[in-house]
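> Can you read through this structure? Questions will come right after.
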Amino acid sequence: MTFTDDLALVLDLLVLVSVAVFYTAFTVWLEMRRHDRPRALTHLRAGSMLLGFLGLLLLVIAVWGELTWPLAVIVGGTNVLAAYDILFFDSLFLLAFLLVSFSLCIRLQLPTHFVGILGVVIGLGIGFYGYRAWTLALTEAPLETLLLYLGFAAVAIGSYPATLYVDWFVVGPAVPNVDPLPTDPQPRYPTMWTVLLGLFLLLVVLAGVAALSYGFSTAWAHLGAPP
């Protein structure tokens with residue numbers, strides 16, 4: 001019995017998500033450093049739109065996977081791949097939820113820090129999924145799987161300070177009441193925010209590298225031996 005294998009496509013989309021998040025965050029930060037908030041807002045809206053589209057694509061795959069459990073090989077009346085459906089599609093659904101929610105908040109000019117705090121919880125959950133997959137040796141590349149999950153878990157957690165920055169200093173001055181608490185239009189502690197945003201960008205790069213590594217070690221092997 002065969003199964004539907006979308007692993008390579010999902011990893012392609014994850015790499016695109018990493019690139020889109022990094023490029024959006026970097027260009028917004030760069031324009032804010034140049035004190036050009038209107039341009040930073042334009043870049044933020046464009047990047048969030050792309051992230052929303054990518055999130056919708058991942059959401060379609062995740063919902064389909066959650067409802068159909070496409071990874072199925074029946075041995076002795078038991079689906080020996082059932083755990084993979086849980087491992088892959090649960091985490092994919094949660095990631096897609098964050099991307100679509102962030103895009104909608106930017107589009108509707110709503111606070112994004114609500115998405116950020118959920119990102120912390122979701123990141124911890126995705127990290128646990130990856131840890132359990134590693135301890136159970138669910139895949140033929142357990143270390144690469146662990147690094148992939150930990151990478152995107154760290155990005156989800158790191159999104160909280162990034163969304164606070166967006167609400168306080170990028171969107172907040174132009175849209176009243178978006179900021180979580182009233183503050184100055186410019187950061188009072190610019191060095192702290194530079195470190196936090198720089199760390200977030202580093203986490204995004206590492207997550208993208210983990211997706212590429214997983215693709216080269218696992219997904220592309222599926223092209224040579226498709227199910």
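Following the order of the structure tokens, first chain is A, next is B, and so on, with residues numbered from 1 inside each chain and ligands from 1 in the order they appear.
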Got a sec: who's within 10 Å of A:Tyr23, counting only C-alpha atoms, leaving out chain neighbours fewer than 2 positions off, as a list in words?

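Once the adjacent positions are removed, what remains is Val17, Ser18, Val19, Ala20, Val21, Ala25, Phe26, Thr27, Val28, Trp29, His43, Leu44, Gly47, Leu201 and Val204 of chain A.
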
> Save the residues we just selected, N, CA, C and O atoms, as a PDB file, in the first residue's frame?


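Generated file (part-v3.pdb):
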```
ATOM      1  N   VAL A  17       9.243  30.361   3.840  1.00  0.00           N
ATOM      2  CA  VAL A  17       8.800  31.078   5.038  1.00  0.00           C
ATOM      3  C   VAL A  17       9.996  31.715   5.739  1.00  0.00           C
ATOM      4  O   VAL A  17       9.952  32.892   6.137  1.00  0.00           O
ATOM      5  N   SER A  18      11.081  30.968   5.870  1.00  0.00           N
ATOM      6  CA  SER A  18      12.282  31.506   6.516  1.00  0.00           C
ATOM      7  C   SER A  18      12.815  32.712   5.762  1.00  0.00           C
ATOM      8  O   SER A  18      13.181  33.734   6.369  1.00  0.00           O
ATOM      9  N   VAL A  19      12.869  32.604   4.437  1.00  0.00           N
ATOM     10  CA  VAL A  19      13.376  33.716   3.626  1.00  0.00           C
ATOM     11  C   VAL A  19      12.463  34.928   3.754  1.00  0.00           C
ATOM     12  O   VAL A  19      12.930  36.073   3.932  1.00  0.00           O
ATOM     13  N   ALA A  20      11.149  34.697   3.692  1.00  0.00           N
ATOM     14  CA  ALA A  20      10.197  35.810   3.762  1.00  0.00           C
ATOM     15  C   ALA A  20      10.241  36.491   5.126  1.00  0.00           C
ATOM     16  O   ALA A  20      10.197  37.723   5.216  1.00  0.00           O
ATOM     17  N   VAL A  21      10.314  35.709   6.203  1.00  0.00           N
ATOM     18  CA  VAL A  21      10.382  36.299   7.540  1.00  0.00           C
ATOM     19  C   VAL A  21      11.666  37.103   7.699  1.00  0.00           C
ATOM     20  O   VAL A  21      11.648  38.246   8.196  1.00  0.00           O
ATOM     21  N   ALA A  25      11.655  41.148   8.138  1.00  0.00           N
ATOM     22  CA  ALA A  25      12.158  41.695   9.399  1.00  0.00           C
ATOM     23  C   ALA A  25      13.385  42.570   9.170  1.00  0.00           C
ATOM     24  O   ALA A  25      13.512  43.650   9.776  1.00  0.00           O
ATOM     25  N   PHE A  26      14.279  42.144   8.296  1.00  0.00           N
ATOM     26  CA  PHE A  26      15.503  42.909   8.061  1.00  0.00           C
ATOM     27  C   PHE A  26      15.198  44.251   7.395  1.00  0.00           C
ATOM     28  O   PHE A  26      15.738  45.292   7.796  1.00  0.00           O
ATOM     29  N   THR A  27      14.335  44.241   6.376  1.00  0.00           N
ATOM     30  CA  THR A  27      14.041  45.498   5.685  1.00  0.00           C
ATOM     31  C   THR A  27      13.275  46.466   6.590  1.00  0.00           C
ATOM     32  O   THR A  27      13.523  47.679   6.553  1.00  0.00           O
ATOM     33  N   VAL A  28      12.360  45.948   7.412  1.00  0.00           N
ATOM     34  CA  VAL A  28      11.641  46.814   8.351  1.00  0.00           C
ATOM     35  C   VAL A  28      12.615  47.412   9.366  1.00  0.00           C
ATOM     36  O   VAL A  28      12.590  48.618   9.646  1.00  0.00           O
ATOM     37  N   TRP A  29      13.480  46.590   9.916  1.00  0.00           N
ATOM     38  CA  TRP A  29      14.475  47.079  10.877  1.00  0.00           C
ATOM     39  C   TRP A  29      15.395  48.106  10.231  1.00  0.00           C
ATOM     40  O   TRP A  29      15.717  49.138  10.838  1.00  0.00           O
ATOM     41  N   HIS A  43       6.928  47.958   3.741  1.00  0.00           N
ATOM     42  CA  HIS A  43       7.634  46.675   3.667  1.00  0.00           C
ATOM     43  C   HIS A  43       6.963  45.638   4.566  1.00  0.00           C
ATOM     44  O   HIS A  43       6.870  44.455   4.197  1.00  0.00           O
ATOM     45  N   LEU A  44       6.505  46.068   5.739  1.00  0.00           N
ATOM     46  CA  LEU A  44       5.852  45.147   6.667  1.00  0.00           C
ATOM     47  C   LEU A  44       4.567  44.601   6.059  1.00  0.00           C
ATOM     48  O   LEU A  44       4.289  43.392   6.160  1.00  0.00           O
ATOM     49  N   GLY A  47       5.510  42.112   3.211  1.00  0.00           N
ATOM     50  CA  GLY A  47       6.027  40.857   3.736  1.00  0.00           C
ATOM     51  C   GLY A  47       4.960  40.031   4.423  1.00  0.00           C
ATOM     52  O   GLY A  47       4.914  38.806   4.279  1.00  0.00           O
ATOM     53  N   LEU A 201      16.567  37.403  13.979  1.00  0.00           N
ATOM     54  CA  LEU A 201      17.023  37.160  12.607  1.00  0.00           C
ATOM     55  C   LEU A 201      17.952  35.957  12.546  1.00  0.00           C
ATOM     56  O   LEU A 201      17.882  35.150  11.606  1.00  0.00           O
ATOM     57  N   VAL A 204      15.928  32.818  12.681  1.00  0.00           N
ATOM     58  CA  VAL A 204      15.263  32.558  11.398  1.00  0.00           C
ATOM     59  C   VAL A 204      16.238  31.924  10.411  1.00  0.00           C
ATOM     60  O   VAL A 204      15.889  30.976   9.695  1.00  0.00           O
TER      61      VAL A 204
END
```

> Tell me, as a ChimeraX atom specification, which residues lie within 10 Å of stretch 191-200 of chain A, counting only C-alpha atoms; anything in the same chain fewer than 3 positions away does not count.

/A:21-22,25-26,29,33,154-162,165,187-188,203-206

> When you count only C-alpha atoms, which of these residues is closest to A:Asp12: A:Val115, A:Leu110, A:Leu54, A:Leu41?

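Of A:Val115, A:Leu110, A:Leu54, A:Leu41, the one nearest A:Asp12, counting only C-alpha atoms, is A:Leu54.
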
> Write out as a PDB file with N, CA, C and O atoms, in the first residue's frame each polymer residue whose atoms come within 12 Å of A:Gly172, counting only C-alpha atoms; drop sequence neighbours fewer than 3 positions from it.


```pdb
ATOM      1  N   ARG A  37       9.700  55.504   8.856  1.00  0.00           N
ATOM      2  CA  ARG A  37       8.620  54.625   9.300  1.00  0.00           C
ATOM      3  C   ARG A  37       7.608  54.316   8.190  1.00  0.00           C
ATOM      4  O   ARG A  37       7.143  53.169   8.075  1.00  0.00           O
ATOM      5  N   PRO A  38       7.214  55.287   7.354  1.00  0.00           N
ATOM      6  CA  PRO A  38       6.261  54.947   6.279  1.00  0.00           C
ATOM      7  C   PRO A  38       6.771  53.844   5.354  1.00  0.00           C
ATOM      8  O   PRO A  38       6.011  52.951   4.968  1.00  0.00           O
ATOM      9  N   LEU A  41       6.579  50.544   7.201  1.00  0.00           N
ATOM     10  CA  LEU A  41       5.208  50.032   7.206  1.00  0.00           C
ATOM     11  C   LEU A  41       4.854  49.370   5.879  1.00  0.00           C
ATOM     12  O   LEU A  41       4.204  48.315   5.847  1.00  0.00           O
ATOM     13  N   ILE A 106      -1.792  42.432  10.658  1.00  0.00           N
ATOM     14  CA  ILE A 106      -1.186  43.558   9.947  1.00  0.00           C
ATOM     15  C   ILE A 106      -2.184  44.161   8.972  1.00  0.00           C
ATOM     16  O   ILE A 106      -2.332  45.394   8.879  1.00  0.00           O
ATOM     17  N   GLN A 109      -4.809  46.049  10.873  1.00  0.00           N
ATOM     18  CA  GLN A 109      -4.226  47.022  11.797  1.00  0.00           C
ATOM     19  C   GLN A 109      -4.609  46.723  13.249  1.00  0.00           C
ATOM     20  O   GLN A 109      -5.011  47.594  14.017  1.00  0.00           O
ATOM     21  N   LEU A 110      -4.441  45.461  13.609  1.00  0.00           N
ATOM     22  CA  LEU A 110      -4.694  44.995  14.966  1.00  0.00           C
ATOM     23  C   LEU A 110      -3.368  44.674  15.649  1.00  0.00           C
ATOM     24  O   LEU A 110      -2.355  44.445  14.976  1.00  0.00           O
ATOM     25  N   PRO A 111      -3.344  44.647  16.982  1.00  0.00           N
ATOM     26  CA  PRO A 111      -2.098  44.325  17.687  1.00  0.00           C
ATOM     27  C   PRO A 111      -1.578  42.935  17.311  1.00  0.00           C
ATOM     28  O   PRO A 111      -2.345  41.974  17.283  1.00  0.00           O
ATOM     29  N   THR A 112      -0.293  42.852  17.048  1.00  0.00           N
ATOM     30  CA  THR A 112       0.311  41.568  16.682  1.00  0.00           C
ATOM     31  C   THR A 112       0.905  40.835  17.874  1.00  0.00           C
ATOM     32  O   THR A 112       1.258  39.660  17.752  1.00  0.00           O
ATOM     33  N   HIS A 113       1.011  41.514  19.029  1.00  0.00           N
ATOM     34  CA  HIS A 113       1.633  40.843  20.172  1.00  0.00           C
ATOM     35  C   HIS A 113       0.777  39.700  20.696  1.00  0.00           C
ATOM     36  O   HIS A 113       1.275  38.811  21.389  1.00  0.00           O
ATOM     37  N   THR A 163       7.075  41.006  17.628  1.00  0.00           N
ATOM     38  CA  THR A 163       5.736  41.594  17.492  1.00  0.00           C
ATOM     39  C   THR A 163       5.568  42.794  18.424  1.00  0.00           C
ATOM     40  O   THR A 163       4.864  43.748  18.089  1.00  0.00           O
ATOM     41  N   LEU A 164       6.192  42.753  19.587  1.00  0.00           N
ATOM     42  CA  LEU A 164       6.160  43.916  20.473  1.00  0.00           C
ATOM     43  C   LEU A 164       6.813  45.125  19.809  1.00  0.00           C
ATOM     44  O   LEU A 164       6.309  46.251  19.897  1.00  0.00           O
ATOM     45  N   TYR A 165       7.938  44.871  19.145  1.00  0.00           N
ATOM     46  CA  TYR A 165       8.619  45.950  18.427  1.00  0.00           C
ATOM     47  C   TYR A 165       7.716  46.524  17.344  1.00  0.00           C
ATOM     48  O   TYR A 165       7.623  47.743  17.171  1.00  0.00           O
ATOM     49  N   VAL A 166       7.051  45.639  16.599  1.00  0.00           N
ATOM     50  CA  VAL A 166       6.141  46.084  15.544  1.00  0.00           C
ATOM     51  C   VAL A 166       5.028  46.948  16.122  1.00  0.00           C
ATOM     52  O   VAL A 166       4.716  48.027  15.605  1.00  0.00           O
ATOM     53  N   ASP A 167       4.417  46.480  17.217  1.00  0.00           N
ATOM     54  CA  ASP A 167       3.283  47.205  17.789  1.00  0.00           C
ATOM     55  C   ASP A 167       3.699  48.536  18.412  1.00  0.00           C
ATOM     56  O   ASP A 167       2.971  49.529  18.322  1.00  0.00           O
ATOM     57  N   TRP A 168       4.851  48.553  19.064  1.00  0.00           N
ATOM     58  CA  TRP A 168       5.281  49.771  19.740  1.00  0.00           C
ATOM     59  C   TRP A 168       5.849  50.831  18.800  1.00  0.00           C
ATOM     60  O   TRP A 168       5.522  52.011  18.903  1.00  0.00           O
ATOM     61  N   PHE A 169       6.687  50.397  17.868  1.00  0.00           N
ATOM     62  CA  PHE A 169       7.500  51.374  17.156  1.00  0.00           C
ATOM     63  C   PHE A 169       7.241  51.462  15.653  1.00  0.00           C
ATOM     64  O   PHE A 169       7.560  52.479  15.045  1.00  0.00           O
ATOM     65  N   VAL A 175      -1.045  54.028  14.204  1.00  0.00           N
ATOM     66  CA  VAL A 175      -2.370  53.461  14.503  1.00  0.00           C
ATOM     67  C   VAL A 175      -2.580  53.522  16.013  1.00  0.00           C
ATOM     68  O   VAL A 175      -1.952  52.762  16.750  1.00  0.00           O
ATOM     69  N   PRO A 176      -3.435  54.404  16.505  1.00  0.00           N
ATOM     70  CA  PRO A 176      -3.648  54.526  17.950  1.00  0.00           C
ATOM     71  C   PRO A 176      -4.121  53.220  18.582  1.00  0.00           C
ATOM     72  O   PRO A 176      -4.875  52.453  17.986  1.00  0.00           O
ATOM     73  N   ASN A 177      -3.632  52.978  19.805  1.00  0.00           N
ATOM     74  CA  ASN A 177      -4.068  51.870  20.658  1.00  0.00           C
ATOM     75  C   ASN A 177      -3.607  50.498  20.187  1.00  0.00           C
ATOM     76  O   ASN A 177      -4.050  49.487  20.744  1.00  0.00           O
ATOM     77  N   VAL A 178      -2.741  50.418  19.168  1.00  0.00           N
ATOM     78  CA  VAL A 178      -2.176  49.127  18.779  1.00  0.00           C
ATOM     79  C   VAL A 178      -1.097  48.706  19.768  1.00  0.00           C
ATOM     80  O   VAL A 178      -0.961  47.519  20.076  1.00  0.00           O
ATOM     81  N   ASP A 179      -0.328  49.668  20.279  1.00  0.00           N
ATOM     82  CA  ASP A 179       0.752  49.346  21.199  1.00  0.00           C
ATOM     83  C   ASP A 179       0.193  48.793  22.504  1.00  0.00           C
ATOM     84  O   ASP A 179      -0.840  49.251  23.000  1.00  0.00           O
ATOM     85  N   PRO A 180       0.861  47.791  23.102  1.00  0.00           N
ATOM     86  CA  PRO A 180       0.343  47.178  24.325  1.00  0.00           C
ATOM     87  C   PRO A 180       0.301  48.143  25.501  1.00  0.00           C
ATOM     88  O   PRO A 180      -0.585  48.071  26.342  1.00  0.00           O
ATOM     89  N   LEU A 181       1.279  49.056  25.584  1.00  0.00           N
ATOM     90  CA  LEU A 181       1.324  50.094  26.603  1.00  0.00           C
ATOM     91  C   LEU A 181       1.833  51.377  25.947  1.00  0.00           C
ATOM     92  O   LEU A 181       2.660  51.319  25.032  1.00  0.00           O
ATOM     93  N   PRO A 182       1.373  52.539  26.391  1.00  0.00           N
ATOM     94  CA  PRO A 182       1.878  53.784  25.800  1.00  0.00           C
ATOM     95  C   PRO A 182       3.390  53.910  25.994  1.00  0.00           C
ATOM     96  O   PRO A 182       3.924  53.597  27.061  1.00  0.00           O
ATOM     97  N   THR A 183       4.084  54.351  24.967  1.00  0.00           N
ATOM     98  CA  THR A 183       5.533  54.511  25.045  1.00  0.00           C
ATOM     99  C   THR A 183       5.967  55.566  24.043  1.00  0.00           C
ATOM    100  O   THR A 183       5.158  56.068  23.250  1.00  0.00           O
ATOM    101  N   ASP A 184       7.240  55.882  24.049  1.00  0.00           N
ATOM    102  CA  ASP A 184       7.783  56.849  23.101  1.00  0.00           C
ATOM    103  C   ASP A 184       7.761  56.267  21.698  1.00  0.00           C
ATOM    104  O   ASP A 184       7.856  55.041  21.519  1.00  0.00           O
ATOM    105  N   PRO A 185       7.659  57.111  20.661  1.00  0.00           N
ATOM    106  CA  PRO A 185       7.658  56.585  19.282  1.00  0.00           C
ATOM    107  C   PRO A 185       8.996  55.978  18.872  1.00  0.00           C
ATOM    108  O   PRO A 185       9.047  55.210  17.916  1.00  0.00           O
ATOM    109  N   GLN A 186      10.071  56.312  19.583  1.00  0.00           N
ATOM    110  CA  GLN A 186      11.374  55.710  19.336  1.00  0.00           C
ATOM    111  C   GLN A 186      11.783  54.879  20.544  1.00  0.00           C
ATOM    112  O   GLN A 186      11.453  55.233  21.682  1.00  0.00           O
ATOM    113  N   PRO A 187      12.476  53.768  20.347  1.00  0.00           N
ATOM    114  CA  PRO A 187      12.871  52.913  21.473  1.00  0.00           C
ATOM    115  C   PRO A 187      13.732  53.666  22.487  1.00  0.00           C
ATOM    116  O   PRO A 187      14.655  54.393  22.114  1.00  0.00           O
TER     117      PRO A 187
END
```

> Using only C-alpha atoms, which of A:Leu30, A:Ile126, A:Met49, A:Ala83 sits nearest A:Leu108?

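Answer, going by the shortest atom-to-atom distance: A:Met49.
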
> Using only C-alpha atoms, which residues sit within 12 Å of A:Ser213 once same-chain residues fewer than 6 positions away are excluded, as an MDAnalysis selection string?

chainID A and resid 8 11:12 14:15 141 143:148 151 206:207 219:220
